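Below is the file model-v9.cif, which contains mmCIF, C-alpha atoms; chains and numbers go by the auth columns.
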```
data_my_file
#
loop_
_atom_site.group_PDB
_atom_site.id
_atom_site.type_symbol
_atom_site.label_atom_id
_atom_site.label_comp_id
_atom_site.label_asym_id
_atom_site.label_seq_id
_atom_site.Cartn_x
_atom_site.Cartn_y
_atom_site.Cartn_z
_atom_site.B_iso_or_equiv
_atom_site.auth_seq_id
_atom_site.auth_asym_id
ATOM 1 C CA MET A 1 36.121 -26.576 39.903 0.00 1 A
ATOM 2 C CA LEU A 2 33.216 -24.665 38.383 0.00 2 A
ATOM 3 C CA THR A 3 29.708 -26.079 38.085 0.00 3 A
ATOM 4 C CA VAL A 4 28.058 -23.076 36.425 0.00 4 A
ATOM 5 C CA ARG A 5 28.971 -22.147 32.854 0.00 5 A
ATOM 6 C CA PHE A 6 29.355 -18.385 32.895 0.00 6 A
ATOM 7 C CA GLU A 7 29.001 -18.138 29.122 0.00 7 A
ATOM 8 C CA ARG A 8 25.536 -19.675 29.392 0.00 8 A
ATOM 9 C CA LEU A 9 24.716 -17.384 32.314 0.00 9 A
ATOM 10 C CA GLY A 10 25.572 -14.430 30.067 0.00 10 A
ATOM 11 C CA LEU A 11 28.012 -12.777 32.460 0.00 11 A
ATOM 12 C CA ARG A 12 29.838 -9.739 31.083 0.00 12 A
ATOM 13 C CA PRO A 13 32.398 -7.351 32.615 0.00 13 A
ATOM 14 C CA GLY A 14 30.840 -4.671 34.794 0.00 14 A
ATOM 15 C CA MET A 15 27.743 -6.681 35.682 0.00 15 A
ATOM 16 C CA ARG A 16 26.800 -7.072 39.347 0.00 16 A
ATOM 17 C CA LEU A 17 26.687 -10.740 40.404 0.00 17 A
ATOM 18 C CA LEU A 18 25.527 -12.361 43.634 0.00 18 A
ATOM 19 C CA ASP A 19 27.035 -15.709 44.629 0.00 19 A
ATOM 20 C CA LEU A 20 24.581 -17.031 47.226 0.00 20 A
ATOM 21 C CA GLY A 21 26.015 -19.652 49.579 0.00 21 A
ATOM 22 C CA CYS A 22 29.468 -18.984 48.183 0.00 22 A
ATOM 23 C CA GLY A 23 31.206 -21.637 50.303 0.00 23 A
ATOM 24 C CA GLY A 24 34.897 -21.570 49.442 0.00 24 A
ATOM 25 C CA GLY A 25 34.267 -18.923 46.786 0.00 25 A
ATOM 26 C CA ARG A 26 34.924 -20.842 43.562 0.00 26 A
ATOM 27 C CA HIS A 27 32.196 -19.126 41.513 0.00 27 A
ATOM 28 C CA ALA A 28 32.733 -15.731 43.145 0.00 28 A
ATOM 29 C CA PHE A 29 36.439 -15.761 42.271 0.00 29 A
ATOM 30 C CA GLU A 30 35.763 -16.702 38.651 0.00 30 A
ATOM 31 C CA ALA A 31 33.085 -14.021 38.298 0.00 31 A
ATOM 32 C CA ALA A 32 35.451 -11.389 39.705 0.00 32 A
ATOM 33 C CA ARG A 33 38.214 -12.608 37.401 0.00 33 A
ATOM 34 C CA ARG A 34 35.864 -12.089 34.470 0.00 34 A
ATOM 35 C CA GLY A 35 35.295 -8.477 35.461 0.00 35 A
ATOM 36 C CA ALA A 36 31.988 -8.739 37.338 0.00 36 A
ATOM 37 C CA ARG A 37 31.276 -6.654 40.423 0.00 37 A
ATOM 38 C CA THR A 38 30.868 -9.666 42.657 0.00 38 A
ATOM 39 C CA VAL A 39 29.122 -10.048 46.002 0.00 39 A
ATOM 40 C CA ALA A 40 29.713 -13.374 47.760 0.00 40 A
ATOM 41 C CA LEU A 41 27.324 -14.243 50.603 0.00 41 A
ATOM 42 C CA ASP A 42 27.340 -17.155 53.030 0.00 42 A
ATOM 43 C CA ALA A 43 25.847 -17.908 56.436 0.00 43 A
ATOM 44 C CA ASP A 44 29.077 -19.606 57.545 0.00 44 A
ATOM 45 C CA LEU A 45 31.230 -16.772 58.899 0.00 45 A
ATOM 46 C CA ALA A 46 34.381 -18.897 58.745 0.00 46 A
ATOM 47 C CA GLU A 47 33.823 -19.370 55.007 0.00 47 A
ATOM 48 C CA VAL A 48 33.139 -15.651 54.635 0.00 48 A
ATOM 49 C CA GLU A 49 36.428 -14.812 56.326 0.00 49 A
ATOM 50 C CA GLY A 50 38.408 -17.120 54.047 0.00 50 A
ATOM 51 C CA VAL A 51 36.740 -15.866 50.860 0.00 51 A
ATOM 52 C CA ALA A 52 37.289 -12.237 51.909 0.00 52 A
ATOM 53 C CA ALA A 53 41.011 -12.888 52.383 0.00 53 A
ATOM 54 C CA MET A 54 41.253 -14.500 48.944 0.00 54 A
ATOM 55 C CA MET A 55 39.301 -11.649 47.328 0.00 55 A
ATOM 56 C CA ALA A 56 41.741 -9.183 48.844 0.00 56 A
ATOM 57 C CA ALA A 57 44.667 -11.202 47.480 0.00 57 A
ATOM 58 C CA LEU A 58 43.093 -11.279 44.001 0.00 58 A
ATOM 59 C CA ALA A 59 42.595 -7.507 44.077 0.00 59 A
ATOM 60 C CA GLU A 60 46.313 -7.050 44.728 0.00 60 A
ATOM 61 C CA GLU A 61 47.219 -9.092 41.646 0.00 61 A
ATOM 62 C CA ALA A 62 44.593 -7.734 39.216 0.00 62 A
ATOM 63 C CA PRO A 63 41.869 -5.067 39.186 0.00 63 A
ATOM 64 C CA THR A 64 38.912 -7.079 40.521 0.00 64 A
ATOM 65 C CA GLN A 65 35.823 -5.978 42.428 0.00 65 A
ATOM 66 C CA GLY A 66 34.632 -8.382 45.102 0.00 66 A
ATOM 67 C CA THR A 67 32.659 -7.946 48.315 0.00 67 A
ATOM 68 C CA VAL A 68 32.031 -10.706 50.852 0.00 68 A
ATOM 69 C CA VAL A 69 29.216 -10.602 53.430 0.00 69 A
ATOM 70 C CA GLY A 70 27.613 -12.893 55.967 0.00 70 A
ATOM 71 C CA GLY A 71 23.885 -13.292 55.584 0.00 71 A
ATOM 72 C CA ASP A 72 20.728 -15.377 55.541 0.00 72 A
ATOM 73 C CA ALA A 73 19.378 -16.718 52.237 0.00 73 A
ATOM 74 C CA LEU A 74 15.830 -16.130 53.481 0.00 74 A
ATOM 75 C CA ARG A 75 16.453 -12.442 54.266 0.00 75 A
ATOM 76 C CA LEU A 76 18.969 -11.121 51.754 0.00 76 A
ATOM 77 C CA PRO A 77 20.399 -7.718 52.773 0.00 77 A
ATOM 78 C CA PHE A 78 19.969 -6.214 49.304 0.00 78 A
ATOM 79 C CA SER A 79 17.433 -3.994 47.598 0.00 79 A
ATOM 80 C CA ASP A 80 15.058 -5.219 44.891 0.00 80 A
ATOM 81 C CA ALA A 81 16.628 -5.757 41.439 0.00 81 A
ATOM 82 C CA ALA A 82 20.139 -5.212 42.831 0.00 82 A
ATOM 83 C CA PHE A 83 21.903 -7.811 40.659 0.00 83 A
ATOM 84 C CA ASP A 84 22.283 -8.522 36.946 0.00 84 A
ATOM 85 C CA ARG A 85 23.237 -12.162 37.522 0.00 85 A
ATOM 86 C CA VAL A 86 22.807 -14.615 40.416 0.00 86 A
ATOM 87 C CA VAL A 87 24.492 -17.938 41.183 0.00 87 A
ATOM 88 C CA ALA A 88 23.180 -20.321 43.866 0.00 88 A
ATOM 89 C CA ALA A 89 25.385 -23.412 43.722 0.00 89 A
ATOM 90 C CA GLU A 90 24.663 -26.420 45.958 0.00 90 A
ATOM 91 C CA VAL A 91 22.796 -24.413 48.569 0.00 91 A
ATOM 92 C CA LEU A 92 19.023 -25.005 48.183 0.00 92 A
ATOM 93 C CA GLU A 93 19.264 -28.632 49.306 0.00 93 A
ATOM 94 C CA HIS A 94 20.427 -27.382 52.730 0.00 94 A
ATOM 95 C CA LEU A 95 17.506 -24.978 53.304 0.00 95 A
ATOM 96 C CA PRO A 96 14.252 -26.069 54.968 0.00 96 A
ATOM 97 C CA ASP A 97 12.309 -23.372 53.063 0.00 97 A
ATOM 98 C CA ASP A 98 13.706 -23.437 49.544 0.00 98 A
ATOM 99 C CA GLY A 99 10.640 -21.630 48.185 0.00 99 A
ATOM 100 C CA ALA A 100 11.320 -18.594 50.367 0.00 100 A
ATOM 101 C CA ALA A 101 14.980 -18.609 49.321 0.00 101 A
ATOM 102 C CA MET A 102 14.045 -18.760 45.642 0.00 102 A
ATOM 103 C CA ALA A 103 11.610 -15.874 46.107 0.00 103 A
ATOM 104 C CA GLU A 104 14.440 -13.812 47.619 0.00 104 A
ATOM 105 C CA LEU A 105 16.719 -14.622 44.691 0.00 105 A
ATOM 106 C CA ALA A 106 14.016 -13.545 42.259 0.00 106 A
ATOM 107 C CA ARG A 107 13.485 -10.341 44.234 0.00 107 A
ATOM 108 C CA VAL A 108 17.129 -9.210 44.094 0.00 108 A
ATOM 109 C CA LEU A 109 17.540 -10.175 40.410 0.00 109 A
ATOM 110 C CA ARG A 110 16.765 -7.326 38.003 0.00 110 A
ATOM 111 C CA PRO A 111 14.120 -7.767 35.302 0.00 111 A
ATOM 112 C CA GLY A 112 15.848 -9.309 32.306 0.00 112 A
ATOM 113 C CA GLY A 113 18.593 -10.739 34.511 0.00 113 A
ATOM 114 C CA THR A 114 19.591 -14.395 34.558 0.00 114 A
ATOM 115 C CA LEU A 115 20.222 -16.875 37.338 0.00 115 A
ATOM 116 C CA ALA A 116 21.955 -20.244 37.659 0.00 116 A
ATOM 117 C CA VAL A 117 20.918 -22.732 40.346 0.00 117 A
ATOM 118 C CA THR A 118 22.697 -26.020 40.984 0.00 118 A
ATOM 119 C CA VAL A 119 21.586 -28.893 43.225 0.00 119 A
ATOM 120 C CA PRO A 120 22.646 -32.532 43.587 0.00 120 A
ATOM 121 C CA ALA A 121 21.089 -34.516 40.732 0.00 121 A
ATOM 122 C CA TRP A 122 18.397 -37.053 41.621 0.00 122 A
ATOM 123 C CA LEU A 123 20.066 -40.405 40.842 0.00 123 A
ATOM 124 C CA PRO A 124 23.505 -39.800 42.407 0.00 124 A
ATOM 125 C CA GLU A 125 21.881 -38.211 45.453 0.00 125 A
ATOM 126 C CA ARG A 126 19.316 -40.990 45.861 0.00 126 A
ATOM 127 C CA LEU A 127 22.079 -43.592 45.915 0.00 127 A
ATOM 128 C CA CYS A 128 24.007 -41.618 48.545 0.00 128 A
ATOM 129 C CA TRP A 129 20.916 -41.462 50.763 0.00 129 A
ATOM 130 C CA ALA A 130 20.308 -45.196 50.255 0.00 130 A
ATOM 131 C CA LEU A 131 23.876 -46.160 51.185 0.00 131 A
ATOM 132 C CA THR A 132 23.911 -44.445 54.575 0.00 132 A
ATOM 133 C CA GLU A 133 21.817 -42.259 56.860 0.00 133 A
ATOM 134 C CA ASP A 134 24.966 -40.418 57.944 0.00 134 A
ATOM 135 C CA TYR A 135 25.096 -38.490 54.654 0.00 135 A
ATOM 136 C CA HIS A 136 22.064 -36.239 55.105 0.00 136 A
ATOM 137 C CA ALA A 137 19.936 -34.431 57.674 0.00 137 A
ATOM 138 C CA PRO A 138 18.938 -34.963 60.419 0.00 138 A
ATOM 139 C CA ALA A 139 21.975 -37.172 61.082 0.00 139 A
ATOM 140 C CA VAL A 140 24.260 -34.439 59.730 0.00 140 A
ATOM 141 C CA ALA A 141 23.891 -30.905 61.063 0.00 141 A
ATOM 142 C CA GLY A 142 23.369 -28.606 58.112 0.00 142 A
ATOM 143 C CA GLY A 143 23.113 -31.604 55.779 0.00 143 A
ATOM 144 C CA HIS A 144 20.875 -32.114 52.772 0.00 144 A
ATOM 145 C CA VAL A 145 17.187 -31.990 53.634 0.00 145 A
ATOM 146 C CA ARG A 146 15.671 -33.022 50.278 0.00 146 A
ATOM 147 C CA ILE A 147 16.389 -34.638 46.918 0.00 147 A
ATOM 148 C CA TYR A 148 15.454 -32.720 43.767 0.00 148 A
ATOM 149 C CA THR A 149 14.136 -33.975 40.486 0.00 149 A
ATOM 150 C CA ALA A 150 14.763 -31.859 37.403 0.00 150 A
ATOM 151 C CA ARG A 151 11.022 -31.270 37.122 0.00 151 A
ATOM 152 C CA GLY A 152 10.768 -30.271 40.778 0.00 152 A
ATOM 153 C CA LEU A 153 13.564 -27.719 40.507 0.00 153 A
ATOM 154 C CA ARG A 154 12.062 -26.220 37.352 0.00 154 A
ATOM 155 C CA HIS A 155 8.709 -25.948 39.146 0.00 155 A
ATOM 156 C CA LEU A 156 10.390 -24.169 42.075 0.00 156 A
ATOM 157 C CA LEU A 157 11.899 -21.609 39.696 0.00 157 A
ATOM 158 C CA ALA A 158 8.594 -21.118 37.883 0.00 158 A
ATOM 159 C CA ARG A 159 6.739 -20.515 41.165 0.00 159 A
ATOM 160 C CA ALA A 160 9.158 -17.671 41.875 0.00 160 A
ATOM 161 C CA GLY A 161 8.248 -16.072 38.557 0.00 161 A
ATOM 162 C CA LEU A 162 11.379 -17.141 36.694 0.00 162 A
ATOM 163 C CA ARG A 163 11.475 -18.537 33.158 0.00 163 A
ATOM 164 C CA VAL A 164 13.661 -21.619 32.713 0.00 164 A
ATOM 165 C CA LEU A 165 16.093 -21.299 29.808 0.00 165 A
ATOM 166 C CA ALA A 166 18.317 -24.383 29.827 0.00 166 A
ATOM 167 C CA SER A 167 19.870 -27.090 31.997 0.00 167 A
ATOM 168 C CA HIS A 168 22.740 -29.569 32.058 0.00 168 A
ATOM 169 C CA ARG A 169 24.503 -31.996 34.390 0.00 169 A
ATOM 170 C CA ALA A 170 28.089 -31.719 35.679 0.00 170 A
ATOM 171 C CA HIS A 171 30.800 -33.641 37.550 0.00 171 A
ATOM 172 C CA ALA A 172 29.992 -37.254 36.650 0.00 172 A
ATOM 173 C CA LEU A 173 33.390 -38.431 37.925 0.00 173 A
ATOM 174 C CA HIS A 174 32.459 -37.145 41.388 0.00 174 A
ATOM 175 C CA SER A 175 29.388 -39.365 41.745 0.00 175 A
ATOM 176 C CA PRO A 176 31.317 -42.643 42.299 0.00 176 A
ATOM 177 C CA TYR A 177 33.574 -40.832 44.753 0.00 177 A
ATOM 178 C CA TRP A 178 30.593 -39.918 46.951 0.00 178 A
ATOM 179 C CA TRP A 179 29.058 -43.381 46.605 0.00 179 A
ATOM 180 C CA LEU A 180 32.349 -44.802 47.822 0.00 180 A
ATOM 181 C CA ARG A 181 32.478 -42.391 50.739 0.00 181 A
ATOM 182 C CA CYS A 182 28.915 -43.270 51.713 0.00 182 A
ATOM 183 C CA ALA A 183 29.700 -46.989 51.499 0.00 183 A
ATOM 184 C CA VAL A 184 32.728 -46.804 53.842 0.00 184 A
ATOM 185 C CA GLY A 185 31.255 -44.038 56.025 0.00 185 A
ATOM 186 C CA PRO A 186 30.989 -40.360 54.988 0.00 186 A
ATOM 187 C CA GLY A 187 33.330 -39.265 57.744 0.00 187 A
ATOM 188 C CA ASP A 188 36.106 -41.698 56.807 0.00 188 A
ATOM 189 C CA ASP A 189 38.133 -39.635 54.337 0.00 189 A
ATOM 190 C CA ARG A 190 41.295 -41.577 55.295 0.00 190 A
ATOM 191 C CA HIS A 191 40.080 -44.882 53.842 0.00 191 A
ATOM 192 C CA PRO A 192 42.627 -46.111 51.243 0.00 192 A
ATOM 193 C CA LEU A 193 40.061 -46.370 48.448 0.00 193 A
ATOM 194 C CA VAL A 194 38.661 -42.925 49.211 0.00 194 A
ATOM 195 C CA ARG A 195 42.122 -41.386 49.272 0.00 195 A
ATOM 196 C CA ALA A 196 43.062 -43.077 46.004 0.00 196 A
ATOM 197 C CA TYR A 197 39.944 -41.836 44.226 0.00 197 A
ATOM 198 C CA HIS A 198 40.455 -38.357 45.674 0.00 198 A
ATOM 199 C CA ARG A 199 43.940 -38.245 44.168 0.00 199 A
ATOM 200 C CA VAL A 200 42.440 -39.066 40.766 0.00 200 A
ATOM 201 C CA LEU A 201 39.931 -36.211 41.113 0.00 201 A
ATOM 202 C CA VAL A 202 42.638 -33.740 42.125 0.00 202 A
ATOM 203 C CA TRP A 203 44.749 -34.860 39.148 0.00 203 A
ATOM 204 C CA ASP A 204 41.759 -34.369 36.864 0.00 204 A
ATOM 205 C CA ILE A 205 40.950 -30.899 38.239 0.00 205 A
ATOM 206 C CA THR A 206 44.513 -29.616 38.115 0.00 206 A
ATOM 207 C CA ARG A 207 45.724 -31.240 34.886 0.00 207 A
ATOM 208 C CA ARG A 208 42.451 -31.680 32.960 0.00 208 A
ATOM 209 C CA PRO A 209 43.771 -34.597 30.854 0.00 209 A
ATOM 210 C CA TRP A 210 41.764 -35.395 27.746 0.00 210 A
ATOM 211 C CA PRO A 211 40.785 -38.997 28.725 0.00 211 A
ATOM 212 C CA THR A 212 38.994 -37.910 31.918 0.00 212 A
ATOM 213 C CA ARG A 213 37.535 -34.806 30.225 0.00 213 A
ATOM 214 C CA LEU A 214 36.144 -36.998 27.446 0.00 214 A
ATOM 215 C CA ALA A 215 34.793 -39.564 29.917 0.00 215 A
ATOM 216 C CA GLU A 216 33.073 -36.931 32.030 0.00 216 A
ATOM 217 C CA GLY A 217 31.552 -35.266 28.993 0.00 217 A
ATOM 218 C CA LEU A 218 30.043 -38.585 27.909 0.00 218 A
ATOM 219 C CA LEU A 219 28.851 -39.560 31.394 0.00 219 A
ATOM 220 C CA ASP A 220 27.505 -36.185 32.598 0.00 220 A
ATOM 221 C CA PRO A 221 24.005 -36.550 31.095 0.00 221 A
ATOM 222 C CA VAL A 222 23.445 -39.748 33.113 0.00 222 A
ATOM 223 C CA LEU A 223 25.756 -39.670 36.129 0.00 223 A
ATOM 224 C CA GLY A 224 26.470 -35.949 36.579 0.00 224 A
ATOM 225 C CA LYS A 225 26.565 -35.214 40.316 0.00 225 A
ATOM 226 C CA SER A 226 25.099 -31.728 39.890 0.00 226 A
ATOM 227 C CA LEU A 227 22.022 -30.516 38.052 0.00 227 A
ATOM 228 C CA VAL A 228 22.411 -26.963 36.741 0.00 228 A
ATOM 229 C CA VAL A 229 19.376 -24.926 35.660 0.00 229 A
ATOM 230 C CA TYR A 230 19.509 -21.452 34.086 0.00 230 A
ATOM 231 C CA ALA A 231 16.525 -19.107 34.286 0.00 231 A
ATOM 232 C CA ALA A 232 15.611 -15.502 33.533 0.00 232 A
ATOM 233 C CA LYS A 233 13.446 -12.925 35.280 0.00 233 A
ATOM 234 C CA PRO A 234 10.959 -11.526 32.771 0.00 234 A
ATOM 235 C CA GLY A 235 11.708 -7.932 31.798 0.00 235 A
#
```

Mind turning this structure into structure tokens?
Amino acid sequence: MLTVRFERLGLRPGMRLLDLGCGGGRHAFEAARRGARTVALDADLAEVEGVAAMMAALAEEAPTQGTVVGGDALRLPFSDAAFDRVVAAEVLEHLPDDGAAMAELARVLRPGGTLAVTVPAWLPERLCWALTEDYHAPAVAGGHVRIYTARGLRHLLARAGLRVLASHRAHALHSPYWWLRCAVGPGDDRHPLVRAYHRVLVWDITRRPWPTRLAEGLLDPVLGKSLVVYAAKPG
């Protein structure tokens, strides 16, 4: 399930892409599949291990270039202007110093390069925080530490010297799922209603039927769970 639109990011084969906070590797795998020289970085070494194994499996099936490293978003182990494209999906909301992280992303992005940042959108996230304290930090170790507005995220990018190009929302069908989880308890993924909704989401992701695709397209501008902003580093 991709949040970033690679066509809008301007990714082309041969470009070097950093996936910061890669998690399970969804954007890193897609970038490698599209021919990018991909570097996936995460602070969670268990995630890094899993993504590295999948990258190796992909390389056996098709000629892909992917590297996976453990690292800190506030001290990226790369030289200045090392990447043509950068993706930071659902990571800034976990970092106490998001300004320092954004400055690092701008540093490793080459002049003229583009970046995509995604964070939980304000309304869906605000409702999750209102429904339970067990959804975010400090109750949850490594949980969300702030809620972004679109204006606030754009200001963060601008402070790092980046020029905002475009934005959109994504994953509207996921917002009610997380509201439901917060209502019954975020840790209770065995609740019958949660399991039923999860099956619907899996069906939608794997089959992509037109009714749910149409519904999400119509609802994304209002209920999209993720806010995606694209920006460029001046050349």

(message) Report as a ChimeraX atom specification all protein, DNA and RNA residues lying within 12 Å of region 154-160 of chain A, evaluated on only C-alpha atoms, omitting residues in the same chain fewer than 3 positions from it.
(response) /A:92,97-109,114-119,148-151,163-167,227-234

(message) Which residues are close to Pro221 (chain A), i.e. within 9 Å by only C-alpha atoms, leaving aside same-chain residues fewer than 3 positions away? Reply as an NGL selection string.
(response) :A and (168-170 or 172 or 217-218 or 224)

Spatial neighbours of His171 (chain A), 9 Å, only C-alpha atoms, chain gap at least 4 places, as a short mmCIF file (atom, residue, chain, number, x, y, z; two decimals) with C-alpha atoms, keeping the file's coordinate frame:
```
data_model
loop_
_atom_site.label_atom_id
_atom_site.label_comp_id
_atom_site.auth_asym_id
_atom_site.auth_seq_id
_atom_site.Cartn_x
_atom_site.Cartn_y
_atom_site.Cartn_z
CA THR A 3 29.71 -26.08 38.08
CA SER A 175 29.39 -39.36 41.74
CA GLU A 216 33.07 -36.93 32.03
CA GLY A 217 31.55 -35.27 28.99
CA LEU A 219 28.85 -39.56 31.39
CA ASP A 220 27.50 -36.18 32.60
CA LEU A 223 25.76 -39.67 36.13
CA GLY A 224 26.47 -35.95 36.58
CA LYS A 225 26.56 -35.21 40.32
CA SER A 226 25.10 -31.73 39.89
#
```

Within 12 Å of region 39-47 of chain A, counting all atoms listed in the file, which residues qualify if same-chain residues fewer than 4 places away don't, as a PDB file with C-alpha atoms, in the coordinates of the input?
```pdb
ATOM      1  CA  MET A  15      27.743  -6.681  35.682  1.00  0.00           C
ATOM      2  CA  ARG A  16      26.800  -7.072  39.347  1.00  0.00           C
ATOM      3  CA  LEU A  17      26.687 -10.740  40.404  1.00  0.00           C
ATOM      4  CA  LEU A  18      25.527 -12.361  43.634  1.00  0.00           C
ATOM      5  CA  ASP A  19      27.035 -15.709  44.629  1.00  0.00           C
ATOM      6  CA  LEU A  20      24.581 -17.031  47.226  1.00  0.00           C
ATOM      7  CA  GLY A  21      26.015 -19.652  49.579  1.00  0.00           C
ATOM      8  CA  CYS A  22      29.468 -18.984  48.183  1.00  0.00           C
ATOM      9  CA  GLY A  23      31.206 -21.637  50.303  1.00  0.00           C
ATOM     10  CA  GLY A  24      34.897 -21.570  49.442  1.00  0.00           C
ATOM     11  CA  GLY A  25      34.267 -18.923  46.786  1.00  0.00           C
ATOM     12  CA  ARG A  26      34.924 -20.842  43.562  1.00  0.00           C
ATOM     13  CA  HIS A  27      32.196 -19.126  41.513  1.00  0.00           C
ATOM     14  CA  ALA A  28      32.733 -15.731  43.145  1.00  0.00           C
ATOM     15  CA  PHE A  29      36.439 -15.761  42.271  1.00  0.00           C
ATOM     16  CA  GLU A  30      35.763 -16.702  38.651  1.00  0.00           C
ATOM     17  CA  ALA A  31      33.085 -14.021  38.298  1.00  0.00           C
ATOM     18  CA  ALA A  32      35.451 -11.389  39.705  1.00  0.00           C
ATOM     19  CA  VAL A  51      36.740 -15.866  50.860  1.00  0.00           C
ATOM     20  CA  ALA A  52      37.289 -12.237  51.909  1.00  0.00           C
ATOM     21  CA  ALA A  53      41.011 -12.888  52.383  1.00  0.00           C
ATOM     22  CA  MET A  54      41.253 -14.500  48.944  1.00  0.00           C
ATOM     23  CA  MET A  55      39.301 -11.649  47.328  1.00  0.00           C
ATOM     24  CA  THR A  64      38.912  -7.079  40.521  1.00  0.00           C
ATOM     25  CA  GLN A  65      35.823  -5.978  42.428  1.00  0.00           C
ATOM     26  CA  GLY A  66      34.632  -8.382  45.102  1.00  0.00           C
ATOM     27  CA  THR A  67      32.659  -7.946  48.315  1.00  0.00           C
ATOM     28  CA  VAL A  68      32.031 -10.706  50.852  1.00  0.00           C
ATOM     29  CA  VAL A  69      29.216 -10.602  53.430  1.00  0.00           C
ATOM     30  CA  GLY A  70      27.613 -12.893  55.967  1.00  0.00           C
ATOM     31  CA  GLY A  71      23.885 -13.292  55.584  1.00  0.00           C
ATOM     32  CA  ASP A  72      20.728 -15.377  55.541  1.00  0.00           C
ATOM     33  CA  ALA A  73      19.378 -16.718  52.237  1.00  0.00           C
ATOM     34  CA  LEU A  74      15.830 -16.130  53.481  1.00  0.00           C
ATOM     35  CA  ARG A  75      16.453 -12.442  54.266  1.00  0.00           C
ATOM     36  CA  LEU A  76      18.969 -11.121  51.754  1.00  0.00           C
ATOM     37  CA  PRO A  77      20.399  -7.718  52.773  1.00  0.00           C
ATOM     38  CA  PHE A  78      19.969  -6.214  49.304  1.00  0.00           C
ATOM     39  CA  ALA A  82      20.139  -5.212  42.831  1.00  0.00           C
ATOM     40  CA  PHE A  83      21.903  -7.811  40.659  1.00  0.00           C
ATOM     41  CA  ASP A  84      22.283  -8.522  36.946  1.00  0.00           C
ATOM     42  CA  ARG A  85      23.237 -12.162  37.522  1.00  0.00           C
ATOM     43  CA  VAL A  86      22.807 -14.615  40.416  1.00  0.00           C
ATOM     44  CA  VAL A  87      24.492 -17.938  41.183  1.00  0.00           C
ATOM     45  CA  ALA A  88      23.180 -20.321  43.866  1.00  0.00           C
ATOM     46  CA  ALA A  89      25.385 -23.412  43.722  1.00  0.00           C
ATOM     47  CA  GLU A  90      24.663 -26.420  45.958  1.00  0.00           C
ATOM     48  CA  VAL A  91      22.796 -24.413  48.569  1.00  0.00           C
ATOM     49  CA  HIS A  94      20.427 -27.382  52.730  1.00  0.00           C
ATOM     50  CA  LEU A  95      17.506 -24.978  53.304  1.00  0.00           C
ATOM     51  CA  GLY A 142      23.369 -28.606  58.112  1.00  0.00           C
TER      52      GLY A 142
END
```

(message) As an exercise, work out the distance from CA of Val222 (chain A) to CA of Ala141 (chain A) in Å and give it to one decimal place.
(response) 29.3 Å

(message) Evaluated on this file, the PyMOL selection byres ((chain A and resi 13) around 7) picks out some residues - which ones are they, written as a ChimeraX atom specification?
(response) /A:11-12,14-15,34-36

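Comparing A:Ala121, A:Leu131, A:Ile205, A:Ile147 by their smallest distance to Val184 (chain A), the closest is A:Leu131 (using only C-alpha atoms).
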
Give me the box for region 72-86 of chain A as JSON, namely the centre and edge lengths in Å to one decimal of a box along x, y and z that holds every listed atom plus 3 Å on each side.
```
{"center_x": 19.1, "center_y": -10.4, "center_z": 46.2, "size_x": 14.2, "size_y": 18.7, "size_z": 24.6}
```

(message) Applying the PyMOL selection byres ((chain A and resi 135-139) around 10) to the file I just gave you, which residues come out? Please list them as a list in words.
(response)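 So the PyMOL selection byres ((chain A and resi 135-139) around 10), applied here, picks out Glu93, His94, Glu125, Cys128, Trp129, Ala130, Leu131, Thr132, Glu133, Asp134, Val140, Ala141, Gly142, Gly143, His144, Val145, Arg146, Trp178, Arg181, Cys182, Gly185, Pro186 and Gly187 of chain A.
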
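The interatomic distance for the pair CA of Pro111 (chain A) and CA of Gly10 (chain A) works out to 14.2 Å.
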
(message) Calculated over only C-alpha atoms, which of the candidates A:Leu180, A:Val4, A:Leu58, A:Ala81 has the smallest distance to Leu193 (chain A)?
(response) A:Leu180

(message) For a quick check of understanding, using only C-alpha atoms, which of A:Ala62, A:Ala56, A:Gly113, A:Arg33 has the smallest distance to Leu162 (chain A)?
(response)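 Looking only at the distances to Leu162 (chain A), the closest residue turns out to be A:Gly113.
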
(request) Enter the distance from CA of Trp210 (chain A) to CA of Leu127 (chain A), in Å, rounded to one decimal. (result)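 Distance reported for this atom pair: 28.0 Å.
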